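> Submitted below is the structure of interest, expressed as structure tokens.
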Amino acid sequence: MIYWRWQGAFDTLFGMMLTALLWLLPSLGAPVLFVADAQSASITARTWVGPILGLLGMMSATTAFIFSLVERAEPHFARRSASEAYLWNIFSENLLWFGIAAFVACGASFMAPPFSTSMMMGFTFILMMMGICISKFVWIMRKIISQRVARALANASAEGR
């Protein structure tokens, strides 16, 4: 439970650790897993502006949909439970990071290479945070769907009696 209470800080630290590992391990003899140079970073930023804005819009629409779903009269797994606050914190964090990523991608697409190493590490960090946010979003949506499936199965078995 401590993760969910401090998930924003844990996710940021985890993103920083992943970024540091991707940049430091090759210098310690590990295989190179992530290659980026100034030219590819600029092209990638231009390519990712649209998808990141799409993710931001999807996350906003999903947040609004889940908010309306929680307020409906039918039982909902998150209503009046400790998990409801965590659910909104996750959506809030995801919206924050998708917004930051959109601004960074837009800014980087107009910047002239070469980028400094610290900027490249910053881009890598944003990419890691996008991965964390997308993973958490998928996990939440699967939890919501599993609740609906369980309810549908319970209704089907009750009707079959």
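Scheme for the structure tokens: letters A, B, ... for chains in order shown; per-chain residue numbers from 1; ligand numbers from 1 in order shown.
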List as a ChimeraX atom specification the protein and nucleic acid residues near A:Ile140, meaning an atom at most 12 Å away when only C-alpha atoms are counted, but skip any in the same chain fewer than 4 places from it.
/A:59,62-63,66,77-78,83-84,86-91,94,133-136,144-147
> Within 6 Å of stretch 103-110 of chain A, which residues of stretch 1-62 of chain A come that close, and what is the closest atom pair and distance in Å for each? Count only C-alpha atoms and give it as a tab-separated table.

```
residue	atom	partner	partner_atom	distance
A:Ser42	CA	A:Ser109	CA	5.4
A:Ala45	CA	A:Ala105	CA	4.7
A:Arg46	CA	A:Ser109	CA	4.8
A:Val49	CA	A:Ala105	CA	5.5
```
> Using atom CA of A:Trp48 and atom CA of A:Ala101 as the two end points, give the distance in Å to one decimal.
9.1 Å
> To one decimal in Å, tell me the separation between atom CA of A:Gly57 and atom CA of A:Gly131.
16.7 Å
